[in-house]
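Enquirer: Dropping in model_4.txt, with compact mmCIF, C-alpha atoms.
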# COMPACT_ATOMS: atom_id res chain seq x y z
CA MET A 1482 97.69 120.29 91.09
CA THR A 1483 96.50 117.48 88.84
CA ASP A 1484 94.17 114.55 89.36
CA LYS A 1485 96.51 112.23 87.49
CA ARG A 1486 96.86 108.64 88.58
CA VAL A 1487 100.27 107.06 88.12
CA ALA A 1488 101.36 103.42 88.45
CA VAL A 1489 104.85 102.86 89.90
CA VAL A 1490 106.52 99.50 89.22
CA LEU A 1491 108.99 98.34 91.89
CA SER A 1492 111.42 95.41 91.66
CA GLY A 1493 112.21 94.63 95.30
CA CYS A 1494 113.77 96.75 98.04
CA GLY A 1495 117.46 97.62 97.81
CA VAL A 1496 119.80 98.78 95.06
CA PHE A 1497 121.79 95.56 94.59
CA ASP A 1498 118.94 93.04 94.31
CA GLY A 1499 115.77 95.12 94.04
CA ALA A 1500 114.38 98.59 93.47
CA GLU A 1501 116.78 101.42 94.31
CA ILE A 1502 115.22 102.85 97.46
CA HIS A 1503 116.15 106.53 97.02
CA GLU A 1504 114.93 106.58 93.40
CA SER A 1505 111.69 104.87 94.43
CA VAL A 1506 110.91 107.18 97.37
CA LEU A 1507 111.91 110.31 95.46
CA THR A 1508 109.68 109.27 92.54
CA LEU A 1509 106.77 108.94 94.99
CA LEU A 1510 107.71 112.32 96.51
CA ALA A 1511 107.80 113.99 93.08
CA LEU A 1512 104.38 112.54 92.21
CA SER A 1513 102.95 113.71 95.53
CA ARG A 1514 104.54 117.18 95.28
CA GLN A 1515 103.17 117.59 91.75
CA GLY A 1516 99.66 116.64 92.81
CA ALA A 1517 99.40 113.17 91.29
CA THR A 1518 98.23 110.07 93.11
CA TYR A 1519 100.14 106.83 92.80
CA GLN A 1520 99.70 103.10 93.15
CA CYS A 1521 102.72 100.83 93.52
CA PHE A 1522 102.94 97.47 91.73
CA ALA A 1523 105.49 94.66 91.59
CA PRO A 1524 105.55 91.18 90.07
CA ASP A 1525 104.69 88.36 92.49
CA ILE A 1526 107.85 86.35 91.79
CA ASP A 1527 110.98 85.32 93.69
CA GLN A 1528 113.95 87.67 93.52
CA HIS A 1529 116.83 86.41 91.37
CA HIS A 1530 118.89 86.41 94.58
CA VAL A 1531 119.36 88.25 97.88
CA ILE A 1532 122.47 90.43 98.26
CA ASN A 1533 124.01 91.50 101.57
CA HIS A 1534 124.22 95.25 100.93
CA ILE A 1535 127.32 95.63 103.15
CA ASP A 1536 129.68 93.06 101.59
CA GLY A 1537 127.95 92.44 98.25
CA GLN A 1538 127.77 88.69 98.81
CA VAL A 1539 124.81 86.48 97.90
CA MET A 1540 122.84 85.39 100.99
CA ALA A 1541 121.30 81.91 101.31
CA GLU A 1542 117.76 83.29 101.35
CA THR A 1543 114.73 83.51 99.09
CA ARG A 1544 112.69 86.70 99.00
CA ASN A 1545 109.63 87.67 96.97
CA VAL A 1546 109.74 90.79 94.80
CA LEU A 1547 106.17 91.86 95.67
CA VAL A 1548 106.61 91.26 99.41
CA GLU A 1549 109.91 93.16 99.58
CA SER A 1550 108.63 95.99 97.37
CA ALA A 1551 105.79 96.41 99.88
CA ARG A 1552 108.39 97.79 102.32
CA ILE A 1553 108.89 100.84 100.09
CA ALA A 1554 105.12 101.12 99.52
CA ARG A 1555 104.27 100.81 103.25
CA GLY A 1556 102.05 97.83 102.39
CA GLU A 1557 100.02 99.70 99.76
CA ILE A 1558 100.97 97.62 96.75
CA GLN A 1559 99.34 95.35 94.17
CA ALA A 1560 100.62 92.46 92.08
CA LEU A 1561 101.66 93.67 88.64
CA SER A 1562 99.29 91.08 87.14
CA GLU A 1563 96.46 93.35 88.40
CA PHE A 1564 97.72 96.40 86.50
CA ASN A 1565 95.18 97.76 84.01
CA PRO A 1566 96.52 100.43 81.62
CA ASP A 1567 92.98 101.78 81.13
CA THR A 1568 92.85 103.00 84.72
CA PHE A 1569 96.17 104.89 84.90
CA ASP A 1570 97.40 108.08 83.22
CA ALA A 1571 101.08 107.16 83.31
CA LEU A 1572 103.47 104.34 84.22
CA VAL A 1573 106.78 104.93 85.98
CA PHE A 1574 109.79 102.69 86.69
CA PRO A 1575 112.39 103.68 89.32
CA GLY A 1576 115.72 101.88 88.93
CA GLY A 1577 117.98 99.54 90.87
CA PHE A 1578 119.55 96.20 89.91
CA GLY A 1579 116.14 94.60 90.54
CA ALA A 1580 115.11 95.91 87.12
CA ALA A 1581 118.05 94.04 85.56
CA LYS A 1582 117.74 90.90 87.72
CA ASN A 1583 114.04 90.50 88.60
CA LEU A 1584 112.10 92.46 85.96
CA SER A 1585 114.44 91.19 83.24
CA SER A 1586 117.61 89.17 82.74
CA LEU A 1587 119.55 92.24 81.53
CA ALA A 1588 122.26 91.87 84.18
CA PHE A 1589 123.06 88.38 82.92
CA ASP A 1590 122.11 88.32 79.24
CA GLY A 1591 122.73 91.90 78.12
CA PRO A 1592 121.01 92.84 74.85
CA ASP A 1593 119.63 89.29 74.49
CA CYS A 1594 117.78 89.56 77.80
CA ASN A 1595 114.24 88.41 78.49
CA VAL A 1596 111.78 90.80 80.09
CA ASN A 1597 109.10 89.69 82.56
CA ASP A 1598 105.83 89.22 80.64
CA GLU A 1599 103.85 91.45 83.01
CA VAL A 1600 106.40 94.25 82.65
CA SER A 1601 106.29 93.97 78.85
CA ALA A 1602 102.49 93.91 78.83
CA ALA A 1603 102.28 96.95 81.12
CA ALA A 1604 104.66 99.00 78.97
CA ARG A 1605 103.06 97.96 75.68
CA GLY A 1606 99.60 98.61 77.11
CA MET A 1607 100.52 102.21 77.84
CA VAL A 1608 102.17 102.76 74.43
CA ASP A 1609 99.11 101.31 72.67
CA ARG A 1610 96.96 103.90 74.48
CA GLY A 1611 99.35 106.80 73.83
CA LYS A 1612 100.01 107.15 77.56
CA PRO A 1613 103.45 108.21 78.87
CA ILE A 1614 106.06 106.04 80.55
CA GLY A 1615 108.90 107.31 82.74
CA ALA A 1616 112.00 105.30 83.63
CA LEU A 1617 115.08 105.97 85.77
CA CYS A 1618 118.59 104.55 86.09
CA ILE A 1619 118.94 101.12 84.42
CA THR A 1620 115.22 100.61 83.65
CA PRO A 1621 115.42 102.58 80.36
CA ALA A 1622 117.54 99.67 79.04
CA VAL A 1623 114.81 97.21 80.03
CA ILE A 1624 112.19 99.37 78.34
CA ALA A 1625 114.37 99.57 75.22
CA ARG A 1626 114.20 95.77 75.03
CA VAL A 1627 110.39 95.90 75.12
CA LEU A 1628 109.78 98.94 72.90
CA GLU A 1629 111.72 98.62 69.67
CA GLY A 1630 113.67 101.70 68.58
CA ALA A 1631 113.23 103.53 71.89
CA ARG A 1632 115.35 106.66 72.39
CA VAL A 1633 116.54 106.63 76.01
CA THR A 1634 119.34 107.58 78.39
CA ILE A 1635 121.12 105.62 81.08
CA GLY A 1636 123.68 108.40 81.56
CA GLN A 1637 127.23 107.71 80.43
CA ASP A 1638 127.94 103.98 80.92
CA GLU A 1639 129.37 102.81 77.61
CA ASP A 1640 128.59 99.10 77.98
CA THR A 1641 124.94 99.68 78.83
CA ALA A 1642 124.64 102.28 76.05
CA ALA A 1643 126.09 99.72 73.61
CA ALA A 1644 123.60 97.11 74.82
CA ILE A 1645 120.75 99.55 74.16
CA GLU A 1646 122.02 100.21 70.64
CA ALA A 1647 122.43 96.44 70.08
CA MET A 1648 118.73 96.02 70.97
CA GLY A 1649 117.87 98.54 68.26
CA GLY A 1650 117.42 101.46 70.65
CA LYS A 1651 119.05 104.88 70.52
CA HIS A 1652 121.09 106.08 73.48
CA GLU A 1653 121.74 109.72 74.37
CA ILE A 1654 124.45 110.72 76.88
CA THR A 1655 123.16 112.79 79.81
CA ASP A 1656 124.39 114.31 83.06
CA HIS A 1657 122.71 114.62 86.49
CA GLY A 1658 119.02 115.50 86.39
CA GLN A 1659 118.77 115.62 82.60
CA ILE A 1660 115.98 113.78 80.80
CA VAL A 1661 115.68 112.30 77.33
CA ILE A 1662 112.30 112.33 75.61
CA ASP A 1663 111.15 109.87 72.96
CA ASP A 1664 108.27 111.76 71.41
CA ASP A 1665 106.98 108.85 69.32
CA LEU A 1666 106.79 106.38 72.21
CA ASN A 1667 105.92 109.06 74.81
CA LEU A 1668 108.86 107.87 76.92
CA VAL A 1669 110.87 109.97 79.43
CA THR A 1670 114.15 108.69 80.92
CA SER A 1671 116.80 110.03 83.32
CA PRO A 1672 120.07 108.45 84.54
CA CYS A 1673 119.87 108.94 88.35
CA TYR A 1674 122.21 106.44 90.07
CA MET A 1675 123.64 105.17 86.76
CA LEU A 1676 125.81 108.23 87.44
CA ASP A 1677 127.79 108.66 90.69
CA ALA A 1678 125.17 110.91 92.27
CA SER A 1679 124.07 112.49 95.54
CA VAL A 1680 120.58 111.89 96.89
CA SER A 1681 119.77 115.53 95.97
CA GLN A 1682 120.69 114.82 92.36
CA ILE A 1683 118.38 111.78 92.43
CA ALA A 1684 115.56 113.99 93.70
CA ASP A 1685 116.20 116.38 90.80
CA GLY A 1686 116.23 113.59 88.20
CA ALA A 1687 113.06 111.99 89.54
CA ALA A 1688 111.28 115.35 89.73
CA ASN A 1689 112.29 116.31 86.18
CA MET A 1690 111.13 112.93 84.86
CA VAL A 1691 107.80 113.18 86.70
CA THR A 1692 107.20 116.77 85.52
CA GLU A 1693 107.62 115.75 81.88
CA VAL A 1694 105.58 112.55 82.28
CA LEU A 1695 102.66 114.42 83.88
CA LYS A 1696 102.84 117.11 81.15
CA ARG A 1697 102.39 114.32 78.61
CA THR A 1698 99.26 112.82 80.19
CA LYS A 1699 95.99 113.57 78.44
CA MET B 1132 125.86 125.38 102.61
CA THR B 1133 127.45 123.96 105.73
CA ASP B 1134 130.29 121.55 106.37
CA LYS B 1135 128.35 119.82 109.12
CA ARG B 1136 128.68 116.08 109.58
CA VAL B 1137 125.58 114.25 110.76
CA ALA B 1138 125.16 110.67 111.99
CA VAL B 1139 121.87 108.97 111.02
CA VAL B 1140 120.80 105.93 113.05
CA LEU B 1141 118.68 103.36 111.19
CA SER B 1142 116.79 100.38 112.68
CA GLY B 1143 116.29 98.07 109.69
CA CYS B 1144 114.48 98.60 106.39
CA GLY B 1145 110.69 98.83 106.39
CA VAL B 1146 108.09 100.58 108.51
CA PHE B 1147 106.68 97.52 110.31
CA ASP B 1148 109.92 95.87 111.48
CA GLY B 1149 112.66 98.40 110.77
CA ALA B 1150 113.39 102.00 109.84
CA GLU B 1151 110.56 103.78 108.01
CA ILE B 1152 111.96 104.05 104.49
CA HIS B 1153 110.38 107.38 103.45
CA GLU B 1154 111.44 109.10 106.68
CA SER B 1155 114.97 107.71 106.32
CA VAL B 1156 115.45 108.72 102.67
CA LEU B 1157 113.83 112.12 103.18
CA THR B 1158 116.10 112.79 106.17
CA LEU B 1159 119.10 112.00 103.97
CA LEU B 1160 117.64 114.24 101.25
CA ALA B 1161 117.14 117.13 103.70
CA LEU B 1162 120.72 116.78 104.96
CA SER B 1163 122.05 116.73 101.40
CA ARG B 1164 119.86 119.67 100.28
CA GLN B 1165 121.01 121.70 103.28
CA GLY B 1166 124.68 121.04 102.57
CA ALA B 1167 125.48 118.61 105.37
CA THR B 1168 127.25 115.29 104.91
CA TYR B 1169 125.92 112.17 106.58
CA GLN B 1170 127.03 108.75 107.75
CA CYS B 1171 124.45 106.04 108.47
CA PHE B 1172 124.78 103.71 111.46
CA ALA B 1173 122.76 100.80 112.82
CA PRO B 1174 123.25 98.28 115.63
CA ASP B 1175 124.68 94.93 114.51
CA ILE B 1176 121.89 92.84 116.11
CA ASP B 1177 119.07 90.61 114.90
CA GLN B 1178 115.72 92.26 114.21
CA HIS B 1179 113.04 91.51 116.79
CA HIS B 1180 111.13 89.84 113.94
CA VAL B 1181 110.47 90.06 110.21
CA ILE B 1182 107.05 91.30 109.08
CA ASN B 1183 105.46 90.65 105.69
CA HIS B 1184 104.57 94.23 104.76
CA ILE B 1185 101.53 93.13 102.71
CA ASP B 1186 99.62 91.06 105.25
CA GLY B 1187 101.30 92.16 108.49
CA GLN B 1188 102.17 88.58 109.49
CA VAL B 1189 105.44 87.50 111.10
CA MET B 1190 107.67 85.62 108.65
CA ALA B 1191 109.82 82.63 109.70
CA GLU B 1192 113.06 84.48 108.98
CA THR B 1193 115.91 86.13 110.84
CA ARG B 1194 117.35 89.38 109.54
CA ASN B 1195 120.11 91.61 110.91
CA VAL B 1196 119.38 95.28 111.63
CA LEU B 1197 122.73 96.51 110.25
CA VAL B 1198 122.54 94.37 107.10
CA GLU B 1199 118.97 95.43 106.29
CA SER B 1200 119.65 99.10 107.13
CA ALA B 1201 122.46 98.95 104.55
CA ARG B 1202 119.75 98.75 101.86
CA ILE B 1203 118.65 102.30 102.68
CA ALA B 1204 122.28 103.44 102.95
CA ARG B 1205 123.32 101.80 99.63
CA GLY B 1206 125.98 99.87 101.55
CA GLU B 1207 127.57 102.97 103.11
CA ILE B 1208 126.88 102.16 106.75
CA GLN B 1209 128.79 101.46 109.96
CA ALA B 1210 127.96 99.49 113.09
CA LEU B 1211 126.58 101.79 115.77
CA SER B 1212 129.32 100.49 118.11
CA GLU B 1213 131.74 102.51 115.93
CA PHE B 1214 129.91 105.81 116.48
CA ASN B 1215 132.07 108.49 118.11
CA PRO B 1216 130.18 111.62 119.25
CA ASP B 1217 133.41 113.65 119.02
CA THR B 1218 133.46 113.32 115.23
CA PHE B 1219 129.87 114.36 114.43
CA ASP B 1220 128.04 117.68 114.74
CA ALA B 1221 124.58 116.16 115.15
CA LEU B 1222 122.76 112.84 115.54
CA VAL B 1223 119.45 112.07 113.81
CA PHE B 1224 116.92 109.24 114.20
CA PRO B 1225 114.30 108.60 111.49
CA GLY B 1226 111.32 106.55 112.69
CA GLY B 1227 109.60 103.27 111.96
CA PHE B 1228 108.59 100.40 114.25
CA GLY B 1229 112.23 99.29 114.21
CA ALA B 1230 112.90 102.04 116.75
CA ALA B 1231 110.28 100.49 119.05
CA LYS B 1232 111.21 96.85 118.33
CA ASN B 1233 114.96 96.79 117.56
CA LEU B 1234 116.44 99.95 119.10
CA SER B 1235 114.24 99.51 122.18
CA SER B 1236 111.46 97.34 123.58
CA LEU B 1237 108.96 100.25 123.51
CA ALA B 1238 106.45 98.36 121.32
CA PHE B 1239 106.25 95.59 123.92
CA ASP B 1240 107.06 97.20 127.28
CA GLY B 1241 105.77 100.77 126.86
CA PRO B 1242 107.17 103.24 129.41
CA ASP B 1243 109.15 100.45 131.13
CA CYS B 1244 111.04 99.66 127.92
CA ASN B 1245 114.74 98.98 127.63
CA VAL B 1246 116.80 100.90 125.10
CA ASN B 1247 119.72 99.37 123.21
CA ASP B 1248 122.95 100.32 125.02
CA GLU B 1249 124.60 101.70 121.89
CA VAL B 1250 121.59 103.91 121.18
CA SER B 1251 121.61 105.22 124.76
CA ALA B 1252 125.35 105.86 124.66
CA ALA B 1253 125.11 107.68 121.31
CA ALA B 1254 122.33 109.97 122.54
CA ARG B 1255 123.96 110.66 125.91
CA GLY B 1256 127.31 111.28 124.23
CA MET B 1257 125.79 114.06 122.12
CA VAL B 1258 123.94 115.64 125.06
CA ASP B 1259 127.14 115.58 127.16
CA ARG B 1260 128.87 117.56 124.38
CA GLY B 1261 125.99 120.00 123.88
CA LYS B 1262 125.41 118.68 120.36
CA PRO B 1263 121.90 118.49 118.86
CA ILE B 1264 119.77 115.39 118.32
CA GLY B 1265 116.84 115.14 115.88
CA ALA B 1266 114.17 112.43 116.02
CA LEU B 1267 111.11 111.62 113.89
CA CYS B 1268 107.92 109.60 114.31
CA ILE B 1269 108.12 107.14 117.24
CA THR B 1270 111.83 107.65 118.02
CA PRO B 1271 111.16 110.72 120.23
CA ALA B 1272 109.54 108.29 122.69
CA VAL B 1273 112.70 106.15 122.68
CA ILE B 1274 114.84 109.24 123.25
CA ALA B 1275 112.53 110.30 126.09
CA ARG B 1276 113.34 107.00 127.80
CA VAL B 1277 117.08 107.76 127.53
CA LEU B 1278 117.07 111.50 128.31
CA GLU B 1279 115.09 112.18 131.46
CA GLY B 1280 112.61 115.02 131.27
CA ALA B 1281 112.83 115.40 127.49
CA ARG B 1282 110.22 117.64 125.85
CA VAL B 1283 109.19 115.94 122.60
CA THR B 1284 106.37 115.32 120.15
CA ILE B 1285 105.06 112.17 118.54
CA GLY B 1286 102.07 114.00 117.06
CA GLN B 1287 98.65 113.21 118.52
CA ASP B 1288 98.63 109.56 119.59
CA GLU B 1289 97.31 109.59 123.16
CA ASP B 1290 98.73 106.23 124.28
CA THR B 1291 102.25 107.07 123.16
CA ALA B 1292 101.99 110.57 124.62
CA ALA B 1293 100.91 109.02 127.94
CA ALA B 1294 103.87 106.63 127.80
CA ILE B 1295 106.23 109.58 127.31
CA GLU B 1296 104.71 111.37 130.32
CA ALA B 1297 104.97 108.15 132.35
CA MET B 1298 108.70 108.07 131.56
CA GLY B 1299 109.01 111.58 133.00
CA GLY B 1300 109.03 113.31 129.62
CA LYS B 1301 106.83 116.16 128.42
CA HIS B 1302 104.71 115.67 125.30
CA GLU B 1303 103.46 118.44 123.02
CA ILE B 1304 100.73 117.85 120.44
CA THR B 1305 101.75 118.74 116.87
CA ASP B 1306 100.40 118.57 113.33
CA HIS B 1307 102.13 117.76 110.01
CA GLY B 1308 105.59 119.22 109.60
CA GLN B 1309 105.68 120.91 113.00
CA ILE B 1310 108.67 120.50 115.29
CA VAL B 1311 109.09 120.62 119.05
CA ILE B 1312 112.36 121.95 120.50
CA ASP B 1313 113.81 121.01 123.86
CA ASP B 1314 116.26 123.86 124.41
CA ASP B 1315 117.96 122.31 127.44
CA LEU B 1316 118.67 118.96 125.80
CA ASN B 1317 119.16 120.45 122.31
CA LEU B 1318 116.56 118.02 120.98
CA VAL B 1319 114.32 118.52 117.91
CA THR B 1320 111.37 116.20 117.19
CA SER B 1321 108.61 115.95 114.55
CA PRO B 1322 105.72 113.46 114.20
CA CYS B 1323 105.99 112.40 110.51
CA TYR B 1324 104.18 109.04 110.04
CA MET B 1325 102.87 109.01 113.62
CA LEU B 1326 100.21 111.09 111.84
CA ASP B 1327 98.32 109.81 108.79
CA ALA B 1328 100.56 111.64 106.32
CA SER B 1329 101.50 111.92 102.66
CA VAL B 1330 105.09 111.46 101.54
CA SER B 1331 105.21 115.23 100.89
CA GLN B 1332 104.30 115.90 104.50
CA ILE B 1333 107.09 113.54 105.58
CA ALA B 1334 109.54 115.51 103.42
CA ASP B 1335 108.38 118.72 105.12
CA GLY B 1336 108.74 117.27 108.63
CA ALA B 1337 112.19 115.83 107.93
CA ALA B 1338 113.36 119.09 106.34
CA ASN B 1339 112.06 121.22 109.24
CA MET B 1340 113.74 118.92 111.77
CA VAL B 1341 117.04 118.99 109.84
CA THR B 1342 116.96 122.79 109.45
CA GLU B 1343 116.59 123.28 113.21
CA VAL B 1344 119.17 120.60 114.06
CA LEU B 1345 121.77 122.16 111.73
CA LYS B 1346 121.03 125.64 113.14
CA ARG B 1347 121.87 124.26 116.58
CA THR B 1348 125.25 122.82 115.63
CA LYS B 1349 128.29 124.79 116.77
Produce structure tokens that represent the structure in this file.
Expert:
Amino acid sequence: MTDKRVAVVLSGCGVFDGAEIHESVLTLLALSRQGATYQCFAPDIDQHHVINHIDGQVMAETRNVLVESARIARGEIQALSEFNPDTFDALVFPGGFGAAKNLSSLAFDGPDCNVNDEVSAAARGMVDRGKPIGALCITPAVIARVLEGARVTIGQDEDTAAAIEAMGGKHEITDHGQIVIDDDLNLVTSPCYMLDASVSQIADGAANMVTEVLKRTK
Amino acid sequence: MTDKRVAVVLSGCGVFDGAEIHESVLTLLALSRQGATYQCFAPDIDQHHVINHIDGQVMAETRNVLVESARIARGEIQALSEFNPDTFDALVFPGGFGAAKNLSSLAFDGPDCNVNDEVSAAARGMVDRGKPIGALCITPAVIARVLEGARVTIGQDEDTAAAIEAMGGKHEITDHGQIVIDDDLNLVTSPCYMLDASVSQIADGAANMVTEVLKRTK
């Protein structure tokens, strides 16, 4: 067991417009199983849009990223503006389209995307302190936009890999459960649902990412 | 590994107005880890209400149980009206207040509650065929309303236990991860978040329930 304290950044609640729910829960499970404590965060902003997860259509609704993320966190969540890198040992980002639509404009602007200021500040704050960051699924591409030259994986999707390279990052191809480590930036990434995966494979990827992230804490 | 096919009934997406997300995902994980395949279902009805999961207040919104449940199921979900007990080996209910607010009126009417007709028909259909049912958290109390004389657990909450006894059920006190088996009804229950639990303890409870349910399939 460890006494490590890990911040988990969510981006809503649901794969198509928010945080991917399986990746989020299985990241929390891996942290709990490996003896770490966690605190969830999300930016207090409107979602880019709300998607009906049955038919994929945009719904005429407005939802807040922090309020919806609180569903995954069972109400135990803080605004990302409150995040202080001094008080956490590691920072972790599960995936989902919310990372590409709410935490950044990656889904719309590709390699020229903007990243939410609080997300950028959180990631840079950890790098400045030599503390590890973990990221799953599509979030490694968002992190690559923030941290120049990052070596990451999003699995095998050629367009996203090309976008990462266009941002100045380095992409490595991976399969289920594999992680890529950027030793300089102290960054650990795994593809999860960027591959066509089972929920068991997501649990493996999240656990492998968390194991390496916790190993890298001071 | 098994080739068992399990139906999972969800009640929305979020502990306070829908399906408890950790219990739902960790039930899917246990099914996947133990080699079963699953299909998620939910009734195509409006939620009783929408709760802001940060402050607990009712929001001026209307959401559909099936559409919100699809977030947990990544879009792979069917209306509960489509459920056919002939084509599944087992039926499983994760918990969350959605079971007591959307699948039934338990949260408002206690032992006199009504249960959604499709939920009742699904449970009775399995019992009539001698097929097992698993239920977590508060859903054992809903099942006790449908299946007369059911022996179940919801953990240690005295009011809910009394409601189960008032319905003609039998309640057994349990701790984290423990299951109660009703041999006659082929029913397996575990308390999960009806106790103050960690996400690891939820994974244990869901896995223990799934192990026993799969053992009881034909």
Enquirer: In Å to one decimal, how far is atom CA of Leu1162 of chain B from atom CA of Cys1618 of chain A?
Expert: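 Result for atom CA of Cys1618 of chain A versus atom CA of Leu1162 of chain B: 22.6 Å, one decimal.
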Enquirer: What is the distance between atom CA of Val1596 of chain A and atom CA of Pro1621 of chain A, in Å to one decimal?
Expert: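 Those two atoms sit 12.3 Å apart.
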Enquirer: Kindly assemble as CSV a list of the segment 1536-1555 of chain A residues that lie within 10 Å of segment 1186-1199 of chain B, each paired with its nearest atom pair and their distance in Å to one decimal, using all atoms listed in the file, sorted first by chain and then by ascending residue number.
Expert:
residue,atom,partner,partner_atom,distance
A:Asp1536,CA,B:Val1198,CA,9.1
A:Glu1542,CA,B:Glu1192,CA,9.0
A:Val1548,CA,B:Asp1186,CA,9.1
A:Ala1551,CA,B:Asp1186,CA,9.8
Enquirer: Measuring atom to atom with only C-alpha atoms, identify which of A:Lys1582, A:Arg1486, A:Arg1555, A:Lys1699 is nearest to chain B.
Expert: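 Distance minimum relative to chain B lands on A:Arg1555.
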Enquirer: Using only C-alpha atoms, can you tell me which of B:Val1181, B:Ala1167, B:Ala1293, B:Met1340 comes closest to Ala1275 of chain B?
Expert: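 So, comparing all the options, the nearest one is B:Ala1293.
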Enquirer: Excluding Ala1488 of chain A and residues on its chain fewer than 5 positions from it, collect all residues at most 6 Å away from it, counting only C-alpha atoms, and give them as a list in words.
Expert: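 After dropping sequence-adjacent residues, the list is Tyr1519, Gln1520, Cys1521 and Leu1572 of chain A.
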Enquirer: Emit the selected residues as a tab-separated table (two decimals), in the frame of the given file, including C-alpha atoms.
Expert:
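Output file out31.tsv is given in full below:
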chain	number	residue	atom	x	y	z
A	1519	TYR	CA	100.14	106.83	92.80
A	1520	GLN	CA	99.70	103.10	93.15
A	1521	CYS	CA	102.72	100.83	93.52
A	1572	LEU	CA	103.47	104.34	84.22
Enquirer: Based on only C-alpha atoms, which of the residues in chain A come within 10 Å of chain B? I want them as a PDB file with C-alpha atoms, in the coordinates of the input.
Expert:
ATOM      1  CA  CYS A1494     113.770  96.750  98.040  1.00  0.00           C
ATOM      2  CA  GLY A1495     117.460  97.620  97.810  1.00  0.00           C
ATOM      3  CA  VAL A1496     119.800  98.780  95.060  1.00  0.00           C
ATOM      4  CA  PHE A1497     121.790  95.560  94.590  1.00  0.00           C
ATOM      5  CA  ASP A1498     118.940  93.040  94.310  1.00  0.00           C
ATOM      6  CA  GLY A1499     115.770  95.120  94.040  1.00  0.00           C
ATOM      7  CA  ALA A1500     114.380  98.590  93.470  1.00  0.00           C
ATOM      8  CA  GLU A1501     116.780 101.420  94.310  1.00  0.00           C
ATOM      9  CA  ILE A1502     115.220 102.850  97.460  1.00  0.00           C
ATOM     10  CA  HIS A1503     116.150 106.530  97.020  1.00  0.00           C
ATOM     11  CA  GLU A1504     114.930 106.580  93.400  1.00  0.00           C
ATOM     12  CA  SER A1505     111.690 104.870  94.430  1.00  0.00           C
ATOM     13  CA  VAL A1506     110.910 107.180  97.370  1.00  0.00           C
ATOM     14  CA  LEU A1507     111.910 110.310  95.460  1.00  0.00           C
ATOM     15  CA  LEU A1509     106.770 108.940  94.990  1.00  0.00           C
ATOM     16  CA  LEU A1510     107.710 112.320  96.510  1.00  0.00           C
ATOM     17  CA  ALA A1511     107.800 113.990  93.080  1.00  0.00           C
ATOM     18  CA  LEU A1512     104.380 112.540  92.210  1.00  0.00           C
ATOM     19  CA  SER A1513     102.950 113.710  95.530  1.00  0.00           C
ATOM     20  CA  ARG A1514     104.540 117.180  95.280  1.00  0.00           C
ATOM     21  CA  GLN A1515     103.170 117.590  91.750  1.00  0.00           C
ATOM     22  CA  GLY A1516      99.660 116.640  92.810  1.00  0.00           C
ATOM     23  CA  ILE A1532     122.470  90.430  98.260  1.00  0.00           C
ATOM     24  CA  ASN A1533     124.010  91.500 101.570  1.00  0.00           C
ATOM     25  CA  HIS A1534     124.220  95.250 100.930  1.00  0.00           C
ATOM     26  CA  ILE A1535     127.320  95.630 103.150  1.00  0.00           C
ATOM     27  CA  ASP A1536     129.680  93.060 101.590  1.00  0.00           C
ATOM     28  CA  GLY A1537     127.950  92.440  98.250  1.00  0.00           C
ATOM     29  CA  GLU A1542     117.760  83.290 101.350  1.00  0.00           C
ATOM     30  CA  LEU A1547     106.170  91.860  95.670  1.00  0.00           C
ATOM     31  CA  VAL A1548     106.610  91.260  99.410  1.00  0.00           C
ATOM     32  CA  GLU A1549     109.910  93.160  99.580  1.00  0.00           C
ATOM     33  CA  SER A1550     108.630  95.990  97.370  1.00  0.00           C
ATOM     34  CA  ALA A1551     105.790  96.410  99.880  1.00  0.00           C
ATOM     35  CA  ARG A1552     108.390  97.790 102.320  1.00  0.00           C
ATOM     36  CA  ILE A1553     108.890 100.840 100.090  1.00  0.00           C
ATOM     37  CA  ALA A1554     105.120 101.120  99.520  1.00  0.00           C
ATOM     38  CA  ARG A1555     104.270 100.810 103.250  1.00  0.00           C
ATOM     39  CA  GLY A1556     102.050  97.830 102.390  1.00  0.00           C
ATOM     40  CA  GLU A1557     100.020  99.700  99.760  1.00  0.00           C
ATOM     41  CA  ILE A1558     100.970  97.620  96.750  1.00  0.00           C
ATOM     42  CA  GLN A1559      99.340  95.350  94.170  1.00  0.00           C
ATOM     43  CA  SER A1679     124.070 112.490  95.540  1.00  0.00           C
ATOM     44  CA  VAL A1680     120.580 111.890  96.890  1.00  0.00           C
ATOM     45  CA  SER A1681     119.770 115.530  95.970  1.00  0.00           C
ATOM     46  CA  GLN A1682     120.690 114.820  92.360  1.00  0.00           C
ATOM     47  CA  ILE A1683     118.380 111.780  92.430  1.00  0.00           C
ATOM     48  CA  ALA A1684     115.560 113.990  93.700  1.00  0.00           C
TER      49      ALA A1684
END
Enquirer: From the list B:Val1283, B:Ala1266, B:Leu1345, B:Ala1231, which residue is nearest Asp1313 of chain B when using all atoms listed in the file?
Expert: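 Of B:Val1283, B:Ala1266, B:Leu1345, B:Ala1231, the one nearest Asp1313 of chain B, counting all atoms listed in the file, is B:Val1283.
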Enquirer: Give as a PyMOL selection string the set of residues within 12 Å of the point (125.4, 104.2, 76.8), where distances use the file's coordinates and all atoms listed in the file.
Expert: chain A and resi 1618-1619+1621-1622+1632-1647+1650-1656+1672+1675-1676
Enquirer: What is the distance, in Å and to one decimal place, between atom CA of Val1319 of chain B and atom CA of Val1258 of chain B?
Expert: 12.3 Å
Enquirer: Write out as number ranges by chain which residues come within 10 Å of Leu1234 of chain B when counting all atoms listed in the file, dropping same-chain ones fewer than 6 positions away.
Expert: B: 1140-1143, 1149-1150, 1173-1174, 1176, 1178-1179, 1196, 1228, 1245-1251, 1270, 1273
